[in-house]
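What's in run.pdb: PDB, C-alpha atoms
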ATOM      1  CA  MET K 284       7.097   4.753  -0.636
ATOM      2  CA  GLY K 285      10.757   4.665   0.394
ATOM      3  CA  THR K 286      12.578   4.341   3.711
ATOM      4  CA  PRO K 287      11.463   6.206   5.750
ATOM      5  CA  PRO K 288       8.014   6.222   4.071
ATOM      6  CA  ASN K 289       7.189   9.196   1.869
ATOM      7  CA  PRO K 290       3.436   9.791   1.284
ATOM      8  CA  VAL K 291       2.287   9.285  -2.308
ATOM      9  CA  LYS K 292      -1.097   8.971  -4.000
ATOM     10  CA  LEU K 293      -1.044   6.939  -7.200
ATOM     11  CA  LYS K 294      -3.791   6.640  -9.798
ATOM     12  CA  LEU K 295      -4.830   3.068 -10.611
ATOM     13  CA  GLU K 296      -4.259   2.198 -14.283
ATOM     14  CA  ASN K 297      -5.008  -1.392 -15.247
ATOM     15  CA  GLY K 298      -4.190  -0.823 -18.905
ATOM     16  CA  ASN K 299      -0.489  -0.359 -18.096
ATOM     17  CA  GLU K 300       2.124  -2.036 -15.942
ATOM     18  CA  LEU K 301       4.590   0.646 -14.826
ATOM     19  CA  ILE K 302       4.436   2.090 -11.308
ATOM     20  CA  TRP K 303       5.902   5.584 -11.175
ATOM     21  CA  ASN K 304       5.899   8.598  -8.914
ATOM     22  CA  HIS K 305       6.614  12.260  -9.612
ATOM     23  CA  SER K 306      10.087  12.872  -8.221
ATOM     24  CA  ASN K 307      12.231  15.862  -7.352
ATOM     25  CA  PRO K 308      14.294  17.450  -8.807
ATOM     26  CA  SER K 309      12.062  17.451 -11.882
ATOM     27  CA  PRO K 310      12.774  19.783 -14.829
ATOM     28  CA  GLU K 311       9.214  19.254 -16.095
ATOM     29  CA  CYS K 312       6.538  18.657 -13.496
ATOM     30  CA  PHE K 313       2.903  19.125 -12.570
ATOM     31  CA  GLU K 314       1.432  20.663  -9.441
ATOM     32  CA  GLN K 315       0.538  18.236  -6.661
ATOM     33  CA  ALA K 316      -0.796  18.460  -3.121
ATOM     34  CA  PHE K 317       1.655  15.924  -1.661
ATOM     35  CA  PRO K 318       5.359  16.650  -1.070
ATOM     36  CA  TYR K 319       7.573  15.762  -4.020
ATOM     37  CA  PHE K 320       9.400  12.456  -3.667
ATOM     38  CA  GLU K 321      13.114  13.016  -3.030
ATOM     39  CA  PRO K 322      14.854   9.833  -4.238
ATOM     40  CA  LEU K 323      18.248  10.879  -2.898
ATOM     41  CA  THR K 324      16.798  11.407   0.594
ATOM     42  CA  PHE K 325      15.388   7.905   0.934
ATOM     43  CA  SER K 326      17.253   4.619   1.010
ATOM     44  CA  ARG K 327      16.962   2.452  -2.068
ATOM     45  CA  GLY K 328      17.061  -1.284  -2.568
ATOM     46  CA  LEU K 329      19.453  -0.956  -5.522
ATOM     47  CA  PRO K 330      21.996   1.780  -6.266
ATOM     48  CA  PHE K 331      21.429   3.830  -9.409
ATOM     49  CA  ALA K 332      24.362   2.259 -11.255
ATOM     50  CA  SER K 333      23.093  -1.306 -10.906
ATOM     51  CA  CYS K 334      19.304  -1.064 -11.005
ATOM     52  CA  GLY K 335      18.936  -2.533 -14.499
ATOM     53  CA  SER K 336      17.832  -5.958 -13.343
ATOM     54  CA  PRO K 337      16.756  -8.173 -16.252
ATOM     55  CA  LYS K 338      13.964  -9.434 -14.025
ATOM     56  CA  PHE K 339      12.260  -6.075 -14.422
ATOM     57  CA  TRP K 340      13.905  -4.213 -17.284
ATOM     58  CA  PRO K 341      15.256  -6.267 -20.199
ATOM     59  CA  ASN K 342      17.475  -3.554 -21.702
ATOM     60  CA  GLN K 343      19.744  -3.366 -18.626
ATOM     61  CA  THR K 344      19.260   0.365 -18.100
ATOM     62  CA  CYS K 345      17.671   2.477 -15.412
ATOM     63  CA  VAL K 346      16.150   5.001 -17.808
ATOM     64  CA  TYR K 347      12.543   4.571 -18.951
ATOM     65  CA  THR K 348      10.021   6.394 -21.133
ATOM     66  CA  TYR K 349       6.373   5.401 -20.892
ATOM     67  CA  SER K 350       3.431   6.832 -22.826
ATOM     68  CA  TYR K 351      -0.338   6.564 -22.418
ATOM     69  CA  GLY K 352      -3.356   6.614 -24.692
ATOM     70  CA  ASP K 353      -4.140  10.260 -23.852
ATOM     71  CA  LYS K 354      -0.624  11.269 -25.042
ATOM     72  CA  SER K 355       0.701  11.715 -21.497
ATOM     73  CA  VAL K 356       4.361  10.742 -21.117
ATOM     74  CA  THR K 357       6.652  10.044 -18.180
ATOM     75  CA  THR K 358      10.432   9.689 -18.374
ATOM     76  CA  GLY K 359      12.775   8.958 -15.498
ATOM     77  CA  PHE K 360      14.847   6.205 -13.937
ATOM     78  CA  LEU K 361      13.917   2.909 -12.350
ATOM     79  CA  GLU K 362      14.335   2.323  -8.624
ATOM     80  CA  VAL K 363      13.616  -0.436  -6.116
ATOM     81  CA  ASP K 364      12.425   0.291  -2.581
ATOM     82  CA  LYS K 365       9.909  -0.529   0.124
ATOM     83  CA  PHE K 366       6.188   0.174  -0.297
ATOM     84  CA  THR K 367       4.140   0.777   2.863
ATOM     85  CA  PHE K 368       0.357   0.573   2.548
ATOM     86  CA  VAL K 369      -1.648   2.926   4.753
ATOM     87  CA  GLY K 370      -4.464   1.199   6.615
ATOM     88  CA  ALA K 371      -3.175  -2.298   5.894
ATOM     89  CA  GLY K 372      -0.217  -2.118   8.252
ATOM     90  CA  ALA K 373       1.934  -3.884   5.666
ATOM     91  CA  SER K 374       5.282  -3.058   4.086
ATOM     92  CA  VAL K 375       6.722  -4.819   1.050
ATOM     93  CA  PRO K 376      10.430  -4.434   0.208
ATOM     94  CA  GLY K 377      11.974  -4.653  -3.232
ATOM     95  CA  VAL K 378       9.214  -3.094  -5.343
ATOM     96  CA  ALA K 379      10.416  -1.668  -8.668
ATOM     97  CA  PHE K 380       9.032   1.737  -9.651
ATOM     98  CA  GLY K 381       9.877   4.735 -11.774
ATOM     99  CA  CYS K 382      11.121   8.056 -10.460
ATOM    100  CA  GLY K 383       9.453  10.365 -12.966
ATOM    101  CA  LEU K 384      11.557  13.405 -13.864
ATOM    102  CA  PHE K 385       9.885  14.525 -17.114
ATOM    103  CA  ASN K 386       6.110  14.157 -16.794
ATOM    104  CA  ASN K 387       3.867  15.776 -19.376
ATOM    105  CA  GLY K 388       0.177  15.289 -20.021
ATOM    106  CA  VAL K 389      -3.123  14.937 -18.217
ATOM    107  CA  PHE K 390      -2.090  14.648 -14.573
ATOM    108  CA  LYS K 391      -4.102  15.987 -11.627
ATOM    109  CA  SER K 392      -2.916  17.799  -8.512
ATOM    110  CA  ASN K 393      -4.457  15.173  -6.204
ATOM    111  CA  GLU K 394      -2.205  12.420  -7.561
ATOM    112  CA  THR K 395       1.570  11.959  -7.521
ATOM    113  CA  GLY K 396       1.901   9.286 -10.180
ATOM    114  CA  ILE K 397       0.409   6.082 -11.540
ATOM    115  CA  ALA K 398       0.206   2.533 -10.224
ATOM    116  CA  GLY K 399       0.123   0.112 -13.124
ATOM    117  CA  PHE K 400      -2.250  -2.795 -12.475
ATOM    118  CA  GLY K 401      -1.903  -4.471 -15.877
ATOM    119  CA  ARG K 402      -0.712  -8.011 -16.558
ATOM    120  CA  GLY K 403       2.978  -7.182 -17.073
ATOM    121  CA  PRO K 404       5.778  -8.119 -14.624
ATOM    122  CA  LEU K 405       6.272  -4.496 -13.494
ATOM    123  CA  SER K 406       2.665  -4.014 -12.358
ATOM    124  CA  LEU K 407       1.830  -3.743  -8.671
ATOM    125  CA  PRO K 408      -0.283  -6.953  -8.538
ATOM    126  CA  SER K 409       2.482  -8.870 -10.332
ATOM    127  CA  GLN K 410       5.247  -7.629  -8.041
ATOM    128  CA  LEU K 411       3.160  -8.249  -4.915
ATOM    129  CA  LYS K 412       2.246 -11.708  -6.274
ATOM    130  CA  VAL K 413      -1.424 -11.292  -5.390
ATOM    131  CA  GLY K 414      -4.085 -13.647  -6.695
ATOM    132  CA  ASN K 415      -6.735 -10.982  -7.116
ATOM    133  CA  PHE K 416      -7.509  -7.311  -6.794
ATOM    134  CA  SER K 417     -10.708  -5.327  -6.880
ATOM    135  CA  HIS K 418     -11.816  -1.720  -7.103
ATOM    136  CA  CYS K 419     -15.023   0.160  -6.445
ATOM    137  CA  PHE K 420     -15.095   3.579  -8.117
ATOM    138  CA  THR K 421     -17.136   6.235  -6.366
ATOM    139  CA  THR K 422     -19.114   8.836  -8.303
ATOM    140  CA  ILE K 423     -16.776  10.698 -10.656
ATOM    141  CA  THR K 424     -18.213  14.102  -9.731
ATOM    142  CA  GLY K 425     -17.772  13.443  -6.004
ATOM    143  CA  ALA K 426     -14.778  13.871  -3.700
ATOM    144  CA  ILE K 427     -14.864  10.542  -1.824
ATOM    145  CA  PRO K 428     -11.853   8.335  -2.686
ATOM    146  CA  SER K 429     -12.385   4.916  -4.224
ATOM    147  CA  THR K 430     -11.540   1.603  -2.571
ATOM    148  CA  VAL K 431      -8.896  -0.773  -3.945
ATOM    149  CA  LEU K 432      -8.421  -4.224  -2.386
ATOM    150  CA  LEU K 433      -5.363  -6.427  -2.942
ATOM    151  CA  ASP K 434      -5.345 -10.205  -2.483
ATOM    152  CA  LEU K 435      -8.272 -10.219  -0.096
ATOM    153  CA  PRO K 436     -11.358 -12.421  -0.058
ATOM    154  CA  ALA K 437     -13.228  -9.526  -1.682
ATOM    155  CA  ASP K 438     -16.840 -10.227  -0.743
ATOM    156  CA  LEU K 439     -18.807  -8.786  -3.614
ATOM    157  CA  PHE K 440     -22.026  -9.605  -1.776
ATOM    158  CA  SER K 441     -21.258  -7.487   1.307
ATOM    159  CA  ASN K 442     -22.751  -4.298  -0.114
ATOM    160  CA  GLY K 443     -23.734  -5.483  -3.576
ATOM    161  CA  GLN K 444     -27.009  -4.419  -5.099
ATOM    162  CA  GLY K 445     -28.025  -7.334  -7.280
ATOM    163  CA  ALA K 446     -26.569 -10.553  -8.600
ATOM    164  CA  VAL K 447     -22.814 -10.879  -9.065
ATOM    165  CA  GLN K 448     -21.919 -11.292 -12.746
ATOM    166  CA  THR K 449     -18.817 -13.230 -13.847
ATOM    167  CA  THR K 450     -17.140 -13.412 -17.238
ATOM    168  CA  PRO K 451     -13.780 -14.811 -18.419
ATOM    169  CA  LEU K 452     -10.681 -12.671 -18.822
ATOM    170  CA  ILE K 453      -9.438 -13.678 -22.257
ATOM    171  CA  GLN K 454      -5.719 -14.328 -22.653
ATOM    172  CA  TYR K 455      -4.200 -14.308 -26.109
ATOM    173  CA  ALA K 456      -0.738 -15.249 -27.276
ATOM    174  CA  LYS K 457       1.754 -12.382 -26.923
ATOM    175  CA  ASN K 458       2.078 -12.041 -30.678
ATOM    176  CA  GLU K 459      -1.711 -11.710 -31.060
ATOM    177  CA  ALA K 460      -2.552  -8.956 -28.567
ATOM    178  CA  ASN K 461      -1.155  -6.512 -26.020
ATOM    179  CA  PRO K 462      -0.124  -8.795 -23.120
ATOM    180  CA  THR K 463      -0.670  -6.030 -20.544
ATOM    181  CA  LEU K 464      -4.394  -5.526 -21.202
ATOM    182  CA  TYR K 465      -7.439  -7.267 -19.726
ATOM    183  CA  TYR K 466      -9.532  -8.577 -22.613
ATOM    184  CA  LEU K 467     -13.197  -9.546 -22.342
ATOM    185  CA  SER K 468     -15.587 -11.400 -24.613
ATOM    186  CA  LEU K 469     -18.314  -8.874 -25.477
ATOM    187  CA  LYS K 470     -21.188 -10.497 -27.354
ATOM    188  CA  GLY K 471     -23.617  -7.659 -27.991
ATOM    189  CA  ILE K 472     -25.400  -4.489 -26.847
ATOM    190  CA  THR K 473     -29.036  -3.774 -26.043
ATOM    191  CA  VAL K 474     -30.571  -0.288 -26.215
ATOM    192  CA  GLY K 475     -33.966  -0.096 -24.550
ATOM    193  CA  SER K 476     -35.496  -3.475 -25.341
ATOM    194  CA  THR K 477     -33.746  -3.811 -28.707
ATOM    195  CA  ARG K 478     -30.772  -6.142 -29.088
ATOM    196  CA  LEU K 479     -28.737  -4.357 -31.731
ATOM    197  CA  PRO K 480     -27.970  -6.125 -35.027
ATOM    198  CA  VAL K 481     -24.209  -6.066 -34.468
ATOM    199  CA  PRO K 482     -22.200  -9.263 -35.065
ATOM    200  CA  GLU K 483     -19.979 -10.583 -32.276
ATOM    201  CA  SER K 484     -17.040 -10.250 -34.643
ATOM    202  CA  ALA K 485     -17.303  -6.449 -34.277
ATOM    203  CA  PHE K 486     -16.024  -6.808 -30.696
ATOM    204  CA  ALA K 487     -13.514  -9.602 -31.310
ATOM    205  CA  LEU K 488      -9.761  -9.537 -31.783
ATOM    206  CA  THR K 489      -8.865 -10.179 -35.422
ATOM    207  CA  ASN K 490      -5.303 -10.380 -36.719
ATOM    208  CA  GLY K 491      -4.012  -8.465 -33.718
ATOM    209  CA  THR K 492      -6.496  -5.581 -33.913
ATOM    210  CA  GLY K 493      -9.810  -4.841 -32.252
ATOM    211  CA  GLY K 494     -11.030  -6.828 -29.281
ATOM    212  CA  THR K 495     -12.694  -5.611 -26.084
ATOM    213  CA  ILE K 496     -10.789  -4.448 -23.006
ATOM    214  CA  ILE K 497     -11.769  -3.074 -19.606
ATOM    215  CA  ASP K 498      -9.621  -0.112 -18.581
ATOM    216  CA  SER K 499      -9.691   1.914 -15.376
ATOM    217  CA  GLY K 500      -7.611   4.715 -16.907
ATOM    218  CA  THR K 501      -9.977   5.479 -19.799
ATOM    219  CA  SER K 502     -12.823   7.771 -18.777
ATOM    220  CA  ILE K 503     -15.529   7.091 -21.353
ATOM    221  CA  THR K 504     -16.332   3.824 -23.100
ATOM    222  CA  SER K 505     -15.486   3.884 -26.799
ATOM    223  CA  LEU K 506     -16.881   1.681 -29.545
ATOM    224  CA  PRO K 507     -15.714   0.872 -33.067
ATOM    225  CA  PRO K 508     -17.168   3.417 -35.538
ATOM    226  CA  GLN K 509     -19.690   1.053 -37.127
ATOM    227  CA  VAL K 510     -20.938  -0.119 -33.704
ATOM    228  CA  TYR K 511     -21.099   3.407 -32.315
ATOM    229  CA  GLN K 512     -23.277   4.525 -35.213
ATOM    230  CA  VAL K 513     -25.792   1.734 -34.588
ATOM    231  CA  VAL K 514     -25.924   2.516 -30.847
ATOM    232  CA  ARG K 515     -26.279   6.243 -31.504
ATOM    233  CA  ASP K 516     -29.056   5.838 -34.058
ATOM    234  CA  GLU K 517     -31.078   3.462 -31.882
ATOM    235  CA  PHE K 518     -30.645   5.654 -28.797
ATOM    236  CA  ALA K 519     -31.775   8.731 -30.740
ATOM    237  CA  ALA K 520     -34.781   6.886 -32.157
ATOM    238  CA  GLN K 521     -35.931   5.792 -28.703
ATOM    239  CA  ILE K 522     -35.261   8.944 -26.670
ATOM    240  CA  LYS K 523     -37.322  11.056 -29.105
ATOM    241  CA  LEU K 524     -35.674  14.381 -28.264
ATOM    242  CA  PRO K 525     -34.048  16.912 -30.611
ATOM    243  CA  VAL K 526     -30.388  16.212 -31.314
ATOM    244  CA  VAL K 527     -28.071  19.065 -30.353
ATOM    245  CA  PRO K 528     -25.730  20.081 -33.211
ATOM    246  CA  GLY K 529     -22.343  18.430 -32.862
ATOM    247  CA  ASN K 530     -20.357  21.665 -32.820
ATOM    248  CA  ALA K 531     -22.131  22.612 -29.572
ATOM    249  CA  THR K 532     -21.362  19.380 -27.712
ATOM    250  CA  GLY K 533     -17.984  18.293 -29.032
ATOM    251  CA  HIS K 534     -17.726  14.605 -29.863
ATOM    252  CA  TYR K 535     -20.694  13.533 -27.712
ATOM    253  CA  THR K 536     -24.180  12.824 -29.024
ATOM    254  CA  CYS K 537     -26.522  15.057 -27.023
ATOM    255  CA  PHE K 538     -30.218  15.864 -26.891
ATOM    256  CA  SER K 539     -32.157  18.925 -25.768
ATOM    257  CA  ALA K 540     -34.821  18.595 -23.053
ATOM    258  CA  PRO K 541     -37.033  21.227 -21.382
ATOM    259  CA  SER K 542     -35.672  22.827 -18.221
ATOM    260  CA  GLN K 543     -36.421  21.011 -14.955
ATOM    261  CA  ALA K 544     -37.371  17.908 -16.938
ATOM    262  CA  LYS K 545     -35.771  14.514 -16.469
ATOM    263  CA  PRO K 546     -37.062  12.480 -19.384
ATOM    264  CA  ASP K 547     -36.706   8.733 -19.514
ATOM    265  CA  VAL K 548     -33.733   7.419 -21.448
ATOM    266  CA  PRO K 549     -33.425   3.983 -23.068
ATOM    267  CA  LYS K 550     -31.664   1.292 -21.071
ATOM    268  CA  LEU K 551     -28.130   0.370 -22.076
ATOM    269  CA  VAL K 552     -26.966  -3.202 -21.505
ATOM    270  CA  LEU K 553     -23.637  -4.822 -22.382
ATOM    271  CA  HIS K 554     -23.750  -8.584 -22.927
ATOM    272  CA  PHE K 555     -20.540 -10.448 -22.088
ATOM    273  CA  GLU K 556     -19.837 -14.156 -22.158
ATOM    274  CA  GLY K 557     -21.812 -15.442 -19.164
ATOM    275  CA  ALA K 558     -22.528 -11.969 -17.745
ATOM    276  CA  THR K 559     -24.763  -8.951 -18.273
ATOM    277  CA  MET K 560     -23.786  -5.376 -17.397
ATOM    278  CA  ASP K 561     -27.084  -3.514 -17.014
ATOM    279  CA  LEU K 562     -25.905   0.070 -16.626
ATOM    280  CA  PRO K 563     -27.775   2.554 -14.427
ATOM    281  CA  ARG K 564     -28.697   5.884 -16.016
ATOM    282  CA  GLU K 565     -25.843   7.806 -14.373
ATOM    283  CA  ASN K 566     -23.295   5.399 -15.877
ATOM    284  CA  TYR K 567     -24.083   6.159 -19.511
ATOM    285  CA  VAL K 568     -25.645   9.639 -19.702
ATOM    286  CA  PHE K 569     -24.698  12.988 -18.208
ATOM    287  CA  GLU K 570     -26.642  16.234 -18.150
ATOM    288  CA  VAL K 571     -25.530  19.859 -18.438
ATOM    289  CA  PRO K 572     -27.549  23.095 -18.799
ATOM    290  CA  ASP K 573     -27.403  25.176 -21.973
ATOM    291  CA  ASP K 574     -27.395  28.974 -22.225
ATOM    292  CA  ALA K 575     -31.197  29.070 -22.397
ATOM    293  CA  GLY K 576     -31.629  27.068 -19.211
ATOM    294  CA  ASN K 577     -32.651  23.872 -20.977
ATOM    295  CA  SER K 578     -31.149  20.506 -20.106
ATOM    296  CA  ILE K 579     -28.646  18.877 -22.445
ATOM    297  CA  ILE K 580     -28.619  15.080 -22.099
ATOM    298  CA  CYS K 581     -25.504  13.433 -23.532
ATOM    299  CA  LEU K 582     -24.719   9.805 -24.264
ATOM    300  CA  ALA K 583     -21.443   9.062 -22.455
ATOM    301  CA  ILE K 584     -19.990   6.863 -25.182
ATOM    302  CA  ASN K 585     -17.387   7.825 -27.758
ATOM    303  CA  LYS K 586     -16.618   6.712 -31.273
ATOM    304  CA  GLY K 587     -13.175   5.144 -31.104
ATOM    305  CA  ASP K 588     -10.990   2.893 -33.205
ATOM    306  CA  GLU K 589     -11.467  -0.841 -33.758
ATOM    307  CA  THR K 590     -10.895  -1.666 -30.068
ATOM    308  CA  THR K 591     -13.868  -1.527 -27.698
ATOM    309  CA  ILE K 592     -12.814   0.017 -24.372
ATOM    310  CA  ILE K 593     -14.991  -0.185 -21.248
ATOM    311  CA  GLY K 594     -14.101   3.014 -19.375
ATOM    312  CA  ASN K 595     -14.361   4.067 -15.740
ATOM    313  CA  PHE K 596     -17.459   6.258 -16.238
ATOM    314  CA  GLN K 597     -19.370   3.056 -16.925
ATOM    315  CA  GLN K 598     -17.826   1.450 -13.814
ATOM    316  CA  GLN K 599     -19.035   4.006 -11.255
ATOM    317  CA  ASN K 600     -20.520   2.417  -8.129
ATOM    318  CA  MET K 601     -19.627  -1.029  -9.367
ATOM    319  CA  HIS K 602     -17.417  -3.428  -7.414
ATOM    320  CA  VAL K 603     -15.140  -5.092  -9.964
ATOM    321  CA  LEU K 604     -12.973  -8.082  -9.026
ATOM    322  CA  TYR K 605     -10.052  -9.323 -11.138
ATOM    323  CA  ASP K 606      -9.441 -12.976 -10.275
ATOM    324  CA  LEU K 607      -5.931 -13.354 -11.680
ATOM    325  CA  GLN K 608      -5.519 -16.982 -10.657
ATOM    326  CA  ASN K 609      -8.635 -18.151 -12.473
ATOM    327  CA  ASN K 610      -8.719 -15.472 -15.204
ATOM    328  CA  MET K 611     -12.214 -14.305 -14.349
ATOM    329  CA  LEU K 612     -13.776 -10.859 -13.934
ATOM    330  CA  SER K 613     -16.713 -10.391 -11.558
ATOM    331  CA  PHE K 614     -18.791  -7.271 -11.011
ATOM    332  CA  VAL K 615     -21.851  -6.139  -9.099
ATOM    333  CA  ALA K 616     -23.554  -2.793  -8.515
ATOM    334  CA  ALA K 617     -22.488  -1.354  -5.150
ATOM    335  CA  GLN K 618     -22.543   1.812  -3.070
ATOM    336  CA  CYS K 619     -18.815   2.368  -3.336
ATOM    337  CA  ASP K 620     -18.606   5.239  -0.850
ATOM    338  CA  LYS K 621     -19.826   2.778   1.823
ATOM    339  CA  LEU K 622     -17.421  -0.056   1.004
TER     340      LEU K 622
END

Once you've parsed the file, please lay out its structure as structure tokens.
Amino acid sequence: MGTPPNPVKLKLENGNELIWNHSNPSPECFEQAFPYFEPLTFSRGLPFASCGSPKFWPNQTCVYTYSYGDKSVTTGFLEVDKFTFVGAGASVPGVAFGCGLFNNGVFKSNETGIAGFGRGPLSLPSQLKVGNFSHCFTTITGAIPSTVLLDLPADLFSNGQGAVQTTPLIQYAKNEANPTLYYLSLKGITVGSTRLPVPESAFALTNGTGGTIIDSGTSITSLPPQVYQVVRDEFAAQIKLPVVPGNATGHYTCFSAPSQAKPDVPKLVLHFEGATMDLPRENYVFEVPDDAGNSIICLAINKGDETTIIGNFQQQNMHVLYDLQNNMLSFVAAQCDKL
């Protein structure tokens, strides 16, 4: 980022559009492994006094404040400069991004900011004018970085493990839904061999609320309260293990199993329009030991609000392609550390 290039490492967020990087001097900052970006040291495509281009920022000002679902907030000023992509040998001038001066919230030391991949005009795919992008998230507990591909003939079959599934990306009118988000048509859920008695309307957008989105920045999938309760009850009935009291496991539904045991868990399948997401065990349960040495098996799904959110825990080792030109989402199980 910048001229000459300054190394940055941005977290992919497809539920938002703003690209921003932690900049120096910053009165409120978080620790990071990379050097802090020094905006005054690097050349800029637009001077500070004139960077309020209506093409990118309707209110004609350089100052921005952007908040996220986990209550994290970044505030700074908007800049335009060259982006150089390591490994691709490509540089793109004139990319608008935020120089974050006040950054509070859940930020990690191995990242320097966020790259918005949502539908808005400020997002990286929109500014690069790419027709598609894809990601393949490696195991969350591992240290191997994940692959992101931009405007490439992303061959989902190259290391895929099964049939490629494809479902429409639903676009609503701007006054009906958040225009930045990627909406899907979720039809139902199966636990074990039981298709749950949940109407499709429970996952649909109604009067501007609800709907189903896929979001790389949300960790755990969340379901509307009435849907979550049905999933939880059916999972508990089929796993046939004692439920751990809620005050011991936070907001997760967990079960106690004997030490060294790895009991079978019911399958979890999400049914989309034209596609089926048959999740592997590690994408919907996690296990931790308790004080007595027993195994605690937890269902990695949260009770949320009326919007269903497909989080990144459920997308581990899955190659996901966003076809922006045709408004389609494709996915296939993959060994993402080998992509």

Excluding region 537-554 of chain K and any residue of its chain fewer than 6 positions from it, enumerate the residues within 9 Å of it, using all atoms listed in the file, and give them as a ChimeraX atom specification. /K:468-476,478,518-519,521-529,560-564,567-568,570,572-573,575-582

Hey, can you spit out that residue selection with C-alpha atoms as a CSV table (one decimal), in the coordinates of the input?
chain,number,residue,atom,x,y,z
K,468,SER,CA,-15.6,-11.4,-24.6
K,469,LEU,CA,-18.3,-8.9,-25.5
K,470,LYS,CA,-21.2,-10.5,-27.4
K,471,GLY,CA,-23.6,-7.7,-28.0
K,472,ILE,CA,-25.4,-4.5,-26.8
K,473,THR,CA,-29.0,-3.8,-26.0
K,474,VAL,CA,-30.6,-0.3,-26.2
K,475,GLY,CA,-34.0,-0.1,-24.6
K,476,SER,CA,-35.5,-3.5,-25.3
K,478,ARG,CA,-30.8,-6.1,-29.1
K,518,PHE,CA,-30.6,5.7,-28.8
K,519,ALA,CA,-31.8,8.7,-30.7
K,521,GLN,CA,-35.9,5.8,-28.7
K,522,ILE,CA,-35.3,8.9,-26.7
K,523,LYS,CA,-37.3,11.1,-29.1
K,524,LEU,CA,-35.7,14.4,-28.3
K,525,PRO,CA,-34.0,16.9,-30.6
K,526,VAL,CA,-30.4,16.2,-31.3
K,527,VAL,CA,-28.1,19.1,-30.4
K,528,PRO,CA,-25.7,20.1,-33.2
K,529,GLY,CA,-22.3,18.4,-32.9
K,560,MET,CA,-23.8,-5.4,-17.4
K,561,ASP,CA,-27.1,-3.5,-17.0
K,562,LEU,CA,-25.9,0.1,-16.6
K,563,PRO,CA,-27.8,2.6,-14.4
K,564,ARG,CA,-28.7,5.9,-16.0
K,567,TYR,CA,-24.1,6.2,-19.5
K,568,VAL,CA,-25.6,9.6,-19.7
K,570,GLU,CA,-26.6,16.2,-18.2
K,572,PRO,CA,-27.5,23.1,-18.8
K,573,ASP,CA,-27.4,25.2,-22.0
K,575,ALA,CA,-31.2,29.1,-22.4
K,576,GLY,CA,-31.6,27.1,-19.2
K,577,ASN,CA,-32.7,23.9,-21.0
K,578,SER,CA,-31.1,20.5,-20.1
K,579,ILE,CA,-28.6,18.9,-22.4
K,580,ILE,CA,-28.6,15.1,-22.1
K,581,CYS,CA,-25.5,13.4,-23.5
K,582,LEU,CA,-24.7,9.8,-24.3

Nearby residues (all atoms listed in the file) at most 10 Å from Val369 (chain K), same-chain spacing under 4 positions excluded, as number ranges by chain: K: 290, 373-374

Residue with the minimum atom-to-atom distance to Ile496 (chain K), picked from K:Phe555, K:Phe569, K:Tyr535, K:Phe416 with all atoms listed in the file counted, is K:Phe555

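When CA of Ile497 (chain K) is paired with CA of Gly557 (chain K), their separation reads 15.9 Å.
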
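With only C-alpha atoms as the atoms that count, the residue of K:Asn386, K:Leu467, K:Thr348, K:Val603 with the shortest distance to Leu361 (chain K) is K:Thr348.
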
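Distance-wise, CA of Gln509 (chain K) and CA of Thr492 (chain K) end up 15.1 Å apart.
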
Which distance in Å separates CA of Glu394 (chain K) and CA of Asn304 (chain K), to one decimal?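 Spanning CA of Glu394 (chain K) to CA of Asn304 (chain K) is a straight-line distance of 9.1 Å.
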
Residues of region 358-461 of chain K within 12 Å of region 584-598 of chain K: nearest atom pair and distance (Å, one decimal) for each, counting all atoms listed in the file, sorted by chain and number, as CSV?
residue,atom,partner,partner_atom,distance
K:His418,CA,K:Gln598,CA,9.6
K:Cys419,CA,K:Gln598,CA,8.0
K:Phe420,CA,K:Gln598,CA,6.7
K:Thr421,CA,K:Gln598,CA,8.9
K:Thr422,CA,K:Phe596,CA,8.5
K:Ile423,CA,K:Phe596,CA,7.2
K:Thr424,CA,K:Phe596,CA,10.2
K:Ser429,CA,K:Gln598,CA,11.6
K:Ala460,CA,K:Thr590,CA,11.2
K:Asn461,CA,K:Thr590,CA,11.6

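Only residues having an atom at most 7 Å from (19.0, 7.0, -14.6) are included; using all atoms listed in the file, these are Phe331, Cys345, Val346, Gly359, Phe360 and Leu361 of chain K.
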
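Closest to Pro451 (chain K) among K:Val514, K:Tyr466, K:Thr367, K:Thr559 is K:Tyr466, based on all atoms listed in the file.
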
Name the residues captured by the PyMOL selection byres ((chain K and resi 414) around 8) when it is applied to the shown file; answer as a VMD selection string. chain K and resid 408 412 to 413 415 to 416 434 606 to 608

With C-alpha atoms retained, export the selected residues as a PDB file, in the frame of the given file.
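Output (again-v1.pdb):
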ATOM      1  CA  PRO K 408      -0.283  -6.953  -8.538  1.00  0.00           C
ATOM      2  CA  LYS K 412       2.246 -11.708  -6.274  1.00  0.00           C
ATOM      3  CA  VAL K 413      -1.424 -11.292  -5.390  1.00  0.00           C
ATOM      4  CA  ASN K 415      -6.735 -10.982  -7.116  1.00  0.00           C
ATOM      5  CA  PHE K 416      -7.509  -7.311  -6.794  1.00  0.00           C
ATOM      6  CA  ASP K 434      -5.345 -10.205  -2.483  1.00  0.00           C
ATOM      7  CA  ASP K 606      -9.441 -12.976 -10.275  1.00  0.00           C
ATOM      8  CA  LEU K 607      -5.931 -13.354 -11.680  1.00  0.00           C
ATOM      9  CA  GLN K 608      -5.519 -16.982 -10.657  1.00  0.00           C
TER      10      GLN K 608
END

Which is closest to Gly377 (chain K) among K:Leu405, K:Val447, K:Ala617, K:Leu435, if we use all atoms listed in the file?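 For Gly377 (chain K), the nearest of the candidates is K:Leu405.
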